[in-house]
file data-v4.cif (mmCIF, C-alpha atoms)
data_final
#
loop_
_atom_site.label_atom_id
_atom_site.label_comp_id
_atom_site.auth_asym_id
_atom_site.auth_seq_id
_atom_site.Cartn_x
_atom_site.Cartn_y
_atom_site.Cartn_z
CA MET V 1 201.22 42.30 109.83
CA GLN V 2 202.62 45.06 107.64
CA ARG V 3 200.18 44.14 104.83
CA ILE V 4 197.27 44.26 107.24
CA THR V 5 198.36 47.68 108.49
CA ALA V 6 198.86 48.92 104.89
CA LYS V 7 195.42 47.65 103.95
CA ARG V 8 193.86 49.33 106.99
CA ASN V 9 195.60 52.59 106.16
CA ALA V 10 194.41 52.36 102.55
CA SER V 11 190.84 51.89 103.78
CA LEU V 12 191.22 54.82 106.14
CA VAL V 13 192.56 57.00 103.34
CA SER V 14 189.62 55.98 101.12
CA ILE V 15 187.13 56.83 103.84
CA CYS V 16 188.85 60.17 104.41
CA VAL V 17 188.89 60.97 100.70
CA VAL V 18 185.17 60.12 100.48
CA LEU V 19 184.50 62.33 103.49
CA VAL V 20 186.43 65.21 101.96
CA LEU V 21 184.58 64.70 98.66
CA VAL V 22 181.19 64.67 100.43
CA VAL V 23 182.03 67.90 102.26
CA ALA V 24 183.32 69.45 99.02
CA ILE V 25 180.11 68.44 97.20
CA LEU V 26 178.09 69.94 100.04
CA GLY V 27 180.07 73.12 99.55
CA ILE V 28 179.32 73.13 95.82
CA ILE V 29 175.61 72.44 96.45
CA SER V 30 175.45 75.28 98.96
CA ARG V 31 177.08 77.61 96.40
CA SER V 32 174.43 76.61 93.89
CA LEU V 33 171.67 77.10 96.50
CA GLU V 34 173.07 80.53 97.28
CA SER V 35 172.94 81.47 93.65
CA THR V 36 169.32 80.21 93.35
CA VAL V 37 168.22 82.16 96.43
CA GLU V 38 169.94 85.29 95.16
CA THR V 39 168.35 84.97 91.73
CA THR V 40 164.89 84.56 93.31
CA LEU V 41 165.57 87.51 95.60
CA LEU V 42 166.65 89.67 92.69
CA SER V 43 163.61 88.66 90.68
CA SER V 44 161.26 89.46 93.60
CA LYS V 45 162.97 92.84 94.10
CA ASN V 46 162.56 93.59 90.41
CA ASN V 47 158.86 92.69 90.62
CA ILE V 48 158.45 94.99 93.62
CA GLU V 49 160.16 97.82 91.78
CA LYS V 50 158.00 97.25 88.72
CA ASP V 51 154.79 97.16 90.77
CA SER V 52 155.90 100.17 92.83
CA ASN V 53 156.47 102.17 89.67
CA GLN V 54 152.97 101.25 88.53
CA ILE V 55 151.54 102.14 91.94
CA ASN V 56 153.26 105.52 91.81
CA GLN V 57 151.37 106.23 88.61
CA TYR V 58 148.15 105.78 90.64
CA GLN V 59 149.12 108.43 93.23
CA ASP V 60 146.10 110.61 92.39
CA LEU V 61 143.83 107.60 92.76
CA GLN V 62 145.37 106.78 96.15
CA ASP V 63 144.89 110.36 97.35
CA MET V 64 141.28 110.27 96.18
CA ALA V 65 140.58 106.97 97.97
CA LEU V 66 142.24 108.24 101.11
CA PHE V 67 140.17 111.43 100.98
CA ILE V 68 136.91 109.48 100.58
CA ASN V 69 137.76 107.19 103.50
CA ASP V 70 138.80 110.15 105.62
CA ARG V 71 135.45 111.86 104.99
CA TRP V 72 133.65 108.57 105.64
CA GLN V 73 135.38 108.10 108.97
CA THR V 74 134.79 111.72 109.98
CA THR V 75 131.11 111.25 109.09
CA GLN V 76 130.93 108.14 111.26
CA ASP V 77 132.46 110.02 114.19
CA ILE V 78 130.14 113.01 113.83
CA GLU V 79 127.04 110.90 113.26
CA LYS V 80 127.54 109.21 116.63
CA LYS V 81 125.83 112.27 118.13
CA HIS V 82 123.40 112.76 115.26
CA VAL V 83 119.75 113.00 116.31
CA TYR V 84 117.36 112.05 113.52
CA TRP V 85 114.80 114.71 114.36
CA SER V 86 112.30 113.73 111.68
CA GLN V 87 111.92 110.31 113.33
CA VAL V 88 111.93 111.72 116.84
CA LEU V 89 109.14 114.18 115.95
CA GLN V 90 107.27 111.39 114.18
CA GLU V 91 107.45 109.29 117.35
CA LEU V 92 106.27 112.29 119.36
CA SER V 93 103.25 112.64 117.04
CA ASN V 94 102.50 108.94 117.44
CA CYS V 95 102.47 109.31 121.22
CA ALA V 96 100.01 112.22 121.25
CA PRO V 97 96.41 111.28 122.18
CA THR V 98 93.76 112.41 119.70
CA ASN V 99 92.46 115.05 122.12
CA VAL V 100 95.83 116.73 122.62
CA GLN V 101 96.95 119.75 120.61
CA PHE V 102 100.55 121.01 120.74
CA GLU V 103 100.94 124.77 120.96
CA SER V 104 104.71 124.96 121.18
CA LEU V 105 107.67 122.64 121.27
CA ILE V 106 111.23 123.41 122.27
CA ALA V 107 113.80 120.68 121.58
CA ASN V 108 117.44 120.92 122.53
CA SER V 109 119.71 117.92 121.99
CA SER V 110 122.40 119.07 124.41
CA LYS V 111 120.46 120.53 127.34
CA SER V 112 118.20 118.69 129.78
CA PRO V 113 115.21 118.66 129.60
CA ASN V 114 115.62 117.99 125.87
CA PHE V 115 111.93 118.74 125.25
CA ILE V 116 109.45 121.24 126.61
CA ILE V 117 105.98 120.85 125.17
CA ALA V 118 103.08 123.19 125.80
CA GLY V 119 99.64 122.23 124.58
CA ASN V 120 95.99 121.98 125.36
CA THR V 121 93.53 119.17 125.88
CA THR V 122 90.15 118.36 127.39
CA THR V 123 90.91 116.63 130.69
CA GLU V 124 93.79 115.81 133.02
CA ARG V 125 93.32 112.17 132.06
CA GLU V 126 94.47 112.98 128.51
CA ILE V 127 97.63 114.66 129.82
CA ILE V 128 98.50 111.64 131.94
CA LYS V 129 97.74 109.32 129.02
CA PHE V 130 100.16 111.36 126.93
CA LYS V 131 102.79 111.32 129.70
CA ASP V 132 102.51 107.54 130.13
CA LYS V 133 102.73 106.96 126.38
CA LEU V 134 105.87 109.08 126.18
CA GLU V 135 107.37 107.21 129.11
CA ALA V 136 106.67 103.90 127.35
CA SER V 137 108.34 105.06 124.12
CA PRO V 138 111.92 103.88 123.55
CA PHE V 139 112.76 107.41 122.31
CA PHE V 140 111.92 109.36 125.47
CA LYS V 141 112.62 109.23 129.20
CA ASN V 142 112.28 111.29 132.40
CA VAL V 143 108.85 112.60 131.41
CA ALA V 144 107.69 115.17 133.93
CA PHE V 145 104.33 116.88 134.21
CA LYS V 146 105.08 120.56 134.90
CA SER V 147 101.77 122.40 134.96
CA SER V 148 98.17 122.55 133.82
CA SER V 149 95.64 125.35 133.91
CA LEU V 150 92.10 125.85 132.70
CA SER V 151 91.60 128.62 130.17
CA THR V 152 88.79 129.82 127.95
CA ASP V 153 89.22 130.03 124.21
CA GLN V 154 88.31 133.62 123.29
CA THR V 155 87.01 132.75 119.83
CA THR V 156 84.95 129.66 120.64
CA THR V 157 84.38 130.26 124.38
CA ASN V 158 85.23 126.59 124.93
CA GLN V 159 87.24 125.73 127.99
CA LYS V 160 90.62 124.11 127.42
CA LEU V 161 93.14 122.61 129.78
CA LYS V 162 96.56 124.02 128.99
CA PHE V 163 99.54 121.91 130.07
CA THR V 164 103.33 121.74 129.97
CA LEU V 165 105.41 118.58 129.89
CA GLU V 166 109.18 118.25 130.06
CA PHE V 167 111.18 115.18 129.09
CA ASP V 168 114.49 113.91 127.77
CA LEU V 169 115.57 112.11 124.67
CA GLU V 170 116.80 108.54 124.97
CA GLN V 171 120.03 109.51 123.20
CA ASN V 172 121.17 106.03 122.15
CA LYS V 173 117.86 105.20 120.55
CA ALA V 174 117.41 108.54 118.82
CA GLU V 175 120.94 108.45 117.41
CA ALA V 176 120.82 104.84 116.29
CA VAL V 177 117.73 105.05 114.11
CA GLN V 178 118.27 106.00 110.50
CA MET Y 179 204.29 53.76 111.33
CA LYS Y 180 201.88 53.54 114.26
CA ASN Y 181 201.12 57.28 113.90
CA LYS Y 182 200.11 57.05 110.24
CA PRO Y 183 196.31 56.61 110.78
CA ILE Y 184 196.29 59.51 113.23
CA LEU Y 185 198.12 61.59 110.66
CA ILE Y 186 195.59 60.65 107.95
CA ILE Y 187 192.67 61.50 110.25
CA ALA Y 188 194.32 64.78 111.24
CA ILE Y 189 194.99 65.77 107.63
CA THR Y 190 191.39 64.84 106.68
CA PHE Y 191 190.07 66.83 109.63
CA PHE Y 192 192.06 69.91 108.64
CA VAL Y 193 191.07 69.60 104.97
CA ILE Y 194 187.37 69.30 105.95
CA LEU Y 195 187.77 72.14 108.45
CA GLY Y 196 189.35 74.25 105.70
CA ILE Y 197 186.48 73.49 103.30
CA VAL Y 198 183.90 74.25 106.00
CA ILE Y 199 185.56 77.49 107.13
CA PHE Y 200 186.56 78.90 103.75
CA LEU Y 201 183.88 77.51 101.45
CA ILE Y 202 180.73 76.36 103.26
CA ARG Y 203 180.52 78.82 106.19
CA PRO Y 204 180.49 82.06 104.15
CA VAL Y 205 178.07 80.51 101.68
CA VAL Y 206 175.71 79.30 104.43
CA SER Y 207 175.77 82.66 106.18
CA SER Y 208 175.14 84.37 102.84
CA ILE Y 209 172.25 81.96 102.15
CA LEU Y 210 170.74 82.70 105.57
CA VAL Y 211 170.90 86.45 104.99
CA SER Y 212 169.49 86.09 101.47
CA TRP Y 213 166.76 83.77 102.74
CA ARG Y 214 165.66 86.30 105.34
CA ASP Y 215 165.74 89.01 102.67
CA LEU Y 216 163.79 86.78 100.33
CA ASN Y 217 161.05 86.16 102.90
CA GLN Y 218 160.82 89.87 103.66
CA THR Y 219 160.80 90.71 99.96
CA LYS Y 220 158.10 88.12 99.28
CA GLU Y 221 155.98 89.66 102.01
CA ASN Y 222 156.56 93.13 100.55
CA LEU Y 223 155.77 91.85 97.08
CA LYS Y 224 152.52 90.36 98.35
CA LYS Y 225 151.56 93.72 99.90
CA VAL Y 226 152.55 95.65 96.78
CA GLU Y 227 150.59 93.26 94.57
CA GLU Y 228 147.56 93.52 96.85
CA LYS Y 229 147.84 97.32 96.76
CA LYS Y 230 148.15 97.21 92.98
CA GLN Y 231 145.02 95.06 92.75
CA VAL Y 232 143.10 97.45 95.02
CA LEU Y 233 144.22 100.42 92.93
CA GLU Y 234 143.34 98.69 89.68
CA ALA Y 235 139.88 97.93 91.10
CA LEU Y 236 139.55 101.59 92.08
CA LYS Y 237 140.68 102.67 88.62
CA SER Y 238 137.94 100.61 87.03
CA ASN Y 239 135.31 102.07 89.41
CA GLN Y 240 133.37 104.62 87.35
CA ASP Y 241 131.80 106.23 90.44
CA LEU Y 242 135.03 107.09 92.26
CA THR Y 243 135.51 110.66 90.98
CA LYS Y 244 131.82 111.38 91.53
CA VAL Y 245 131.99 109.99 95.08
CA ALA Y 246 135.10 112.09 95.81
CA ASP Y 247 133.24 115.21 94.64
CA ILE Y 248 130.23 114.34 96.80
CA ALA Y 249 132.49 113.62 99.79
CA GLU Y 250 134.11 117.02 99.35
CA GLN Y 251 130.70 118.65 99.22
CA TYR Y 252 129.56 116.66 102.29
CA ILE Y 253 132.50 117.77 104.46
CA PRO Y 254 134.26 120.52 102.50
CA LYS Y 255 137.87 121.58 102.97
CA GLU Y 256 136.73 125.15 103.69
CA GLU Y 257 133.66 126.39 105.54
CA ALA Y 258 131.67 127.06 102.30
CA SER Y 259 129.03 128.96 104.26
CA GLY Y 260 127.64 130.58 101.09
CA GLN Y 261 126.84 127.18 99.63
CA LEU Y 262 125.38 126.16 103.00
CA ILE Y 263 122.91 129.09 102.88
CA ILE Y 264 121.98 128.23 99.27
CA GLU Y 265 121.42 124.60 100.23
CA LEU Y 266 119.37 125.37 103.38
CA THR Y 267 117.20 127.83 101.48
CA ALA Y 268 116.71 125.44 98.56
CA MET Y 269 115.74 122.62 100.93
CA ALA Y 270 113.24 124.85 102.76
CA GLN Y 271 111.71 126.21 99.56
CA GLY Y 272 111.62 122.73 98.04
CA ASN Y 273 109.43 121.72 100.98
CA ASN Y 274 107.12 124.76 100.76
CA LEU Y 275 108.60 126.50 103.78
CA LYS Y 276 109.16 130.26 103.82
CA VAL Y 277 112.62 131.28 105.02
CA GLU Y 278 112.23 134.34 107.26
CA GLN Y 279 115.76 134.63 108.54
CA THR Y 280 119.10 132.81 108.23
CA SER Y 281 122.23 133.65 110.14
CA ILE Y 282 125.69 132.14 110.14
CA GLU Y 283 127.96 132.31 113.14
CA LYS Y 284 131.73 132.41 113.16
CA SER Y 285 133.21 128.97 112.59
CA LYS Y 286 134.73 127.11 115.52
CA ASP Y 287 136.56 123.88 116.28
CA THR Y 288 134.48 120.94 117.43
CA PRO Y 289 135.10 119.63 120.96
CA LYS Y 290 137.71 116.89 121.18
CA ASP Y 291 135.24 114.07 121.73
CA THR Y 292 133.79 114.51 118.27
CA THR Y 293 137.09 114.28 116.44
CA THR Y 294 138.48 111.07 115.02
CA ASP Y 295 138.11 108.20 117.45
CA THR Y 296 140.46 105.46 116.33
CA THR Y 297 139.30 102.67 118.59
CA THR Y 298 135.57 102.66 118.02
CA SER Y 299 135.45 103.18 114.29
CA PRO Y 300 132.73 100.92 112.89
CA THR Y 301 134.46 100.74 109.52
CA PRO Y 302 136.67 97.68 109.42
CA ALA Y 303 138.41 98.71 106.24
CA THR Y 304 139.91 101.88 107.59
CA SER Y 305 142.57 102.16 110.19
CA SER Y 306 143.48 105.60 111.31
CA THR Y 307 145.97 107.78 113.05
CA PRO Y 308 145.03 110.28 115.73
CA ALA Y 309 143.26 113.37 114.43
CA VAL Y 310 145.75 115.94 113.23
CA SER Y 311 143.45 118.55 111.77
CA GLN Y 312 140.36 119.22 113.79
CA ILE Y 313 136.91 119.12 112.37
CA LYS Y 314 135.42 122.60 112.37
CA THR Y 315 131.81 123.70 112.38
CA VAL Y 316 129.82 126.48 110.81
CA ASP Y 317 126.92 127.17 113.16
CA PHE Y 318 123.71 128.59 111.78
CA THR Y 319 120.20 129.53 112.82
CA GLU Y 320 117.17 129.66 110.57
CA ASN Y 321 113.58 130.84 111.01
CA LEU Y 322 110.96 129.20 108.83
CA ASN Y 323 107.21 129.43 108.29
CA GLY Y 324 104.96 126.73 106.92
CA SER Y 325 103.07 123.57 107.74
CA TYR Y 326 104.16 120.88 110.19
CA VAL Y 327 104.19 118.13 107.53
CA ASP Y 328 106.41 120.25 105.28
CA PHE Y 329 108.74 120.88 108.21
CA ILE Y 330 109.09 117.13 108.85
CA ASN Y 331 109.88 116.65 105.14
CA PHE Y 332 112.45 119.45 105.41
CA LEU Y 333 114.11 117.64 108.35
CA LYS Y 334 114.19 114.42 106.29
CA ALA Y 335 115.83 116.34 103.43
CA LEU Y 336 118.44 117.71 105.87
CA GLU Y 337 119.31 114.18 106.99
CA THR Y 338 120.13 113.08 103.45
CA SER Y 339 121.48 116.33 102.04
CA SER Y 340 124.84 116.53 100.33
CA ARG Y 341 126.23 118.69 103.18
CA LEU Y 342 126.68 117.14 106.62
CA ILE Y 343 124.32 119.18 108.80
CA LEU Y 344 123.32 118.42 112.38
CA ILE Y 345 120.40 120.15 114.05
CA ASN Y 346 120.95 120.94 117.72
CA ASN Y 347 117.85 122.95 118.68
CA ILE Y 348 114.34 123.12 117.31
CA SER Y 349 111.57 125.45 118.42
CA ILE Y 350 108.06 125.11 117.01
CA GLN Y 351 105.35 127.68 117.68
CA ALA Y 352 101.82 127.11 116.42
CA LYS Y 353 99.77 130.15 115.37
CA THR Y 354 96.07 129.41 115.40
CA GLU Y 355 93.54 131.88 114.08
CA ALA Y 356 89.79 131.33 114.04
CA GLY Y 357 88.61 129.88 110.77
CA LYS Y 358 92.12 129.34 109.46
CA ALA Y 359 94.38 126.31 109.35
CA PRO Y 360 97.15 126.62 111.95
CA SER Y 361 100.45 127.97 110.67
CA PHE Y 362 103.77 127.32 112.29
CA ASN Y 363 106.92 129.25 113.05
CA PHE Y 364 110.02 127.05 113.20
CA GLN Y 365 113.38 128.07 114.62
CA LEU Y 366 116.38 125.87 114.00
CA ALA Y 367 119.94 125.99 115.24
CA GLY Y 368 122.45 123.60 113.77
CA SER Y 369 125.98 123.00 112.57
CA ALA Y 370 127.58 122.12 109.26
CA TYR Y 371 131.06 120.61 109.24
CA TYR Y 372 134.29 121.16 107.34
CA LYS Y 373 137.82 119.84 107.60
CA SER Y 374 140.89 121.15 105.86
CA LYS Y 375 143.18 118.11 105.96
CA VAL Y 376 143.12 114.36 105.57
CA ASP Y 377 144.12 112.59 108.77
CA LEU Y 378 144.33 109.02 107.57
CA GLU Y 379 147.71 107.44 107.06
CA GLN Y 380 148.43 106.22 103.54
CA ASN Y 381 148.30 102.46 103.88
CA LEU Y 382 146.52 99.58 102.19
CA ALA Y 383 143.61 99.45 104.65
CA ASN Y 384 142.92 103.14 104.16
CA ILE Y 385 142.75 103.07 100.38
CA LYS Y 386 140.23 100.23 100.22
CA ILE Y 387 136.76 101.67 99.66
CA THR Y 388 133.83 99.60 100.79
CA GLU Y 389 130.49 99.36 99.02
CA GLU Y 390 128.88 100.89 102.14
CA THR Y 391 131.07 104.00 101.82
CA LEU Y 392 130.26 104.42 98.12
CA ASN Y 393 126.55 103.96 98.70
CA LYS Y 394 126.48 106.41 101.62
CA PHE Y 395 127.85 109.21 99.44
CA LEU Y 396 125.95 108.24 96.29
CA ASP Y 397 122.65 108.28 98.20
CA LEU Y 398 123.04 111.93 99.25
CA LYS Y 399 120.93 114.54 97.52
CA SER Y 400 122.12 117.94 96.42
CA TYR Y 401 119.92 121.04 96.80
CA GLY Y 402 120.30 124.44 95.19
CA GLN Y 403 122.46 125.54 92.30
CA PRO Y 404 125.98 126.45 93.48
CA ILE Y 405 127.32 129.91 92.59
CA ASN Y 406 129.68 129.69 89.65
CA LEU Y 407 131.07 133.21 89.19
CA PRO Y 408 132.33 133.08 85.61
CA GLY Y 409 128.95 131.73 84.54
CA GLU Y 410 126.80 134.12 86.61
CA SER Y 411 125.23 137.12 84.88
CA GLY Y 412 123.44 140.32 85.96
CA PHE Y 413 126.24 142.42 87.48
CA GLY Y 414 126.76 146.21 87.37
CA ARG Y 415 124.39 149.02 88.40
CA THR Y 416 124.49 152.77 87.72
CA ASN Y 417 123.04 153.59 91.14
CA PRO Y 418 123.02 150.66 93.57
CA PHE Y 419 120.85 152.70 96.02
CA GLU Y 420 117.94 152.74 93.57
CA THR Y 421 115.29 150.06 93.84
CA TYR Y 422 115.92 147.05 91.59
#
call {"tool": "encode", "arguments": {"input": "data-v4.cif", "output": "structure tokens"}}
result
Amino acid sequence: MQRITAKRNASLVSICVVLVLVVAILGIISRSLESTVETTLLSSKNNIEKDSNQINQYQDLQDMALFINDRWQTTQDIEKKHVYWSQVLQELSNCAPTNVQFESLIANSSKSPNFIIAGNTTTEREIIKFKDKLEASPFFKNVAFKSSSLSTDQTTTNQKLKFTLEFDLEQNKAEAVQ
Amino acid sequence: MKNKPILIIAITFFVILGIVIFLIRPVVSSILVSWRDLNQTKENLKKVEEKKQVLEALKSNQDLTKVADIAEQYIPKEEASGQLIIELTAMAQGNNLKVEQTSIEKSKDTPKDTTTDTTTSPTPATSSTPAVSQIKTVDFTENLNGSYVDFINFLKALETSSRLILINNISIQAKTEAGKAPSFNFQLAGSAYYKSKVDLEQNLANIKITEETLNKFLDLKSYGQPINLPGESGFGRTNPFETY
């Protein structure tokens, strides 16, 4: 009975020693892992410092890039309200019937009506043709016929029908084209 | 004798507990802290390396200094109204228009809605901070004489000129005389822009320059020779009230 107990105790001691050894080995492994992680960390920090020093040498370049992007962004913001007048006037010319002559044009991008056109033509039909064509254009809207009157040209004695039209710019379209 | 196994287990427990408390626990906690640091550092390293790459690409870009100069001419740091007059006149004369009158008004701040809008910026590469320095305008009016076709060409030149100019009002008056081709009187009112400071925050997104940005500035055309005082000649008169 005593031998059995002694044998059992010996086994128990062995198991306990193995357990202690396993835990101790785990401790040693964790120490080694700690050292590896710290070495990697140190190396990464050194790389950052090295790269940061190099980046600091490019400070002028960074300022230049930042300046260019700042101007680019400012341009984008301002150009949102940019009216490309050359294209708007080109579209206006395309809408004019062959028998219509402009005498004056007032265009104001911020005040409605954006356009006031005075001109002359041969018949009322031409004025309405012009009005309808403007209305159909994606660049213009709210086209209103204001007045027309018959007058005699002093040099040629021909009779002309003078007219005035008012209309607005389709802002989105006029600003989008480039 | 009966208590011996309990004693062995208790001693083993305390030995293991001692190892865990005094050896493993501090090491594990140190590893966890270092691991977190390592991940953060790796992320920082990635950003720094990316920034370095971007800067090295910028360094090798031959056009960068030229683009910066053009950008500064496009929206100068100061109002540069003298250069604006030179440019407007050169553009008009280059398109066969006669400049009858030019006037510059006192500069003013632009309304808030035209300053930097951070949410609707169409440029994906740039992220921004709210506008700190406002964009200011130099307003001008100009009276011109010439043909309609030349005036349209002048407007086209304005749209691609090396100074950001927006036209707000246009008035065209035709002058027809018997036997002569009609001549035109054009009145323009517009604004040129300037901005003293840079609003963008210094971060990676804001130092990347897209091809679109470079091309926009490189495509602009410059008009008129700028005044360069040390190089200018023809100064000094005995009587400045005499005709020249």
call {"tool": "residues_near_point", "arguments": {"input": "data-v4.cif", "point": "(132.0, 119.2, 107.2)", "cutoff": "10 Å", "atoms": "all atoms listed in the file", "output": "ChimeraX atom specification"}}
result
/V:71,74-75,78 /Y:249-258,313-316,341-343,369-374
call {"tool": "closest_residue", "arguments": {"input": "data-v4.cif", "among": "V:Ile25, V:Phe102, V:Asp60, V:Asn108", "to": "chain Y", "atoms": "only C-alpha atoms"}}
result
V:Asn108
call {"tool": "resolve_selection", "arguments": {"input": "data-v4.cif", "expression": "the PyMOL selection byres ((chain Y and resi 352-359) around 7)", "output": "PyMOL selection string"}}
result
(chain V and resi 103-104+155) or (chain Y and resi 350-351+360-363)
call {"tool": "interface_residues", "arguments": {"input": "data-v4.cif", "of": "chain Y", "to": "chain V", "cutoff": "7 Å", "atoms": "all atoms listed in the file", "output": "PyMOL selection string"}}
result
chain Y and resi 183+186+190+194+197+201-202+205-206+209+212-213+216+219-220+223+226-227+230+246+249+253+292-295+330+333-334+344+346-352+356+376-378+380+384-385+387+391
call {"tool": "atom_distance", "arguments": {"input": "data-v4.cif", "atom1": "atom CA of V:Ser112", "atom2": "atom CA of V:Asn142"}}
result
9.8 Å
call {"tool": "residues_near_point", "arguments": {"input": "data-v4.cif", "point": "(131.6, 129.1, 92.7)", "cutoff": "12 Å", "atoms": "all atoms listed in the file", "output": "short mmCIF file (atom, residue, chain, number, x, y, z; two decimals) with C-alpha atoms, in the frame of the given file"}}
result
data_model
loop_
_atom_site.label_atom_id
_atom_site.label_comp_id
_atom_site.auth_asym_id
_atom_site.auth_seq_id
_atom_site.Cartn_x
_atom_site.Cartn_y
_atom_site.Cartn_z
CA ALA Y 258 131.67 127.06 102.30
CA SER Y 259 129.03 128.96 104.26
CA GLY Y 260 127.64 130.58 101.09
CA GLN Y 261 126.84 127.18 99.63
CA ILE Y 264 121.98 128.23 99.27
CA GLN Y 403 122.46 125.54 92.30
CA PRO Y 404 125.98 126.45 93.48
CA ILE Y 405 127.32 129.91 92.59
CA ASN Y 406 129.68 129.69 89.65
CA LEU Y 407 131.07 133.21 89.19
CA PRO Y 408 132.33 133.08 85.61
CA GLY Y 409 128.95 131.73 84.54
CA GLU Y 410 126.80 134.12 86.61
#
call {"tool": "closest_residue", "arguments": {"input": "data-v4.cif", "among": "V:Met1, V:Val100, V:Val143, V:Leu150", "to": "V:Glu170", "atoms": "all atoms listed in the file"}}
result
V:Val143
call {"tool": "decode", "arguments": {"input": "data-v4.cif", "residues": "stretch 125-167 of chain V", "atoms": "C-alpha atoms", "output": "short mmCIF file (atom, residue, chain, number, x, y, z; two decimals), in the first residue's frame"}}
result
data_model
loop_
_atom_site.label_atom_id
_atom_site.label_comp_id
_atom_site.auth_asym_id
_atom_site.auth_seq_id
_atom_site.Cartn_x
_atom_site.Cartn_y
_atom_site.Cartn_z
CA ARG V 125 -43.11 86.05 -88.07
CA GLU V 126 -39.30 86.34 -87.99
CA ILE V 127 -39.39 87.69 -84.42
CA ILE V 128 -41.56 84.80 -83.25
CA LYS V 129 -39.32 82.33 -85.11
CA PHE V 130 -36.36 83.80 -83.25
CA LYS V 131 -38.23 83.67 -79.92
CA ASP V 132 -39.22 80.02 -80.44
CA LYS V 133 -35.69 79.05 -81.44
CA LEU V 134 -34.29 80.69 -78.31
CA GLU V 135 -36.89 78.92 -76.19
CA ALA V 136 -35.87 75.58 -77.73
CA SER V 137 -32.17 76.18 -77.02
CA PRO V 138 -30.74 74.46 -73.93
CA PHE V 139 -28.84 77.70 -73.15
CA PHE V 140 -31.82 80.05 -72.77
CA LYS V 141 -35.16 80.19 -70.99
CA ASN V 142 -38.01 82.58 -70.11
CA VAL V 143 -37.90 84.25 -73.52
CA ALA V 144 -40.27 87.19 -73.59
CA PHE V 145 -41.30 89.37 -76.50
CA LYS V 146 -41.23 92.96 -75.20
CA SER V 147 -42.01 95.24 -78.12
CA SER V 148 -41.96 95.78 -81.86
CA SER V 149 -42.40 98.90 -83.95
CA LEU V 150 -42.22 99.76 -87.61
CA SER V 151 -39.60 102.32 -88.57
CA THR V 152 -38.16 103.67 -91.79
CA ASP V 153 -34.46 103.45 -92.50
CA GLN V 154 -33.37 107.03 -93.28
CA THR V 155 -30.60 106.01 -95.66
CA THR V 156 -32.38 103.33 -97.68
CA THR V 157 -36.00 104.37 -97.02
CA ASN V 158 -36.77 100.69 -96.42
CA GLN V 159 -39.20 99.86 -93.67
CA LYS V 160 -37.89 97.74 -90.80
CA LEU V 161 -39.59 96.15 -87.85
CA LYS V 162 -37.66 96.97 -84.71
CA PHE V 163 -38.10 94.59 -81.79
CA THR V 164 -36.91 93.89 -78.25
CA LEU V 165 -36.65 90.47 -76.63
CA GLU V 166 -35.76 89.64 -73.04
CA PHE V 167 -34.67 86.24 -71.77
#
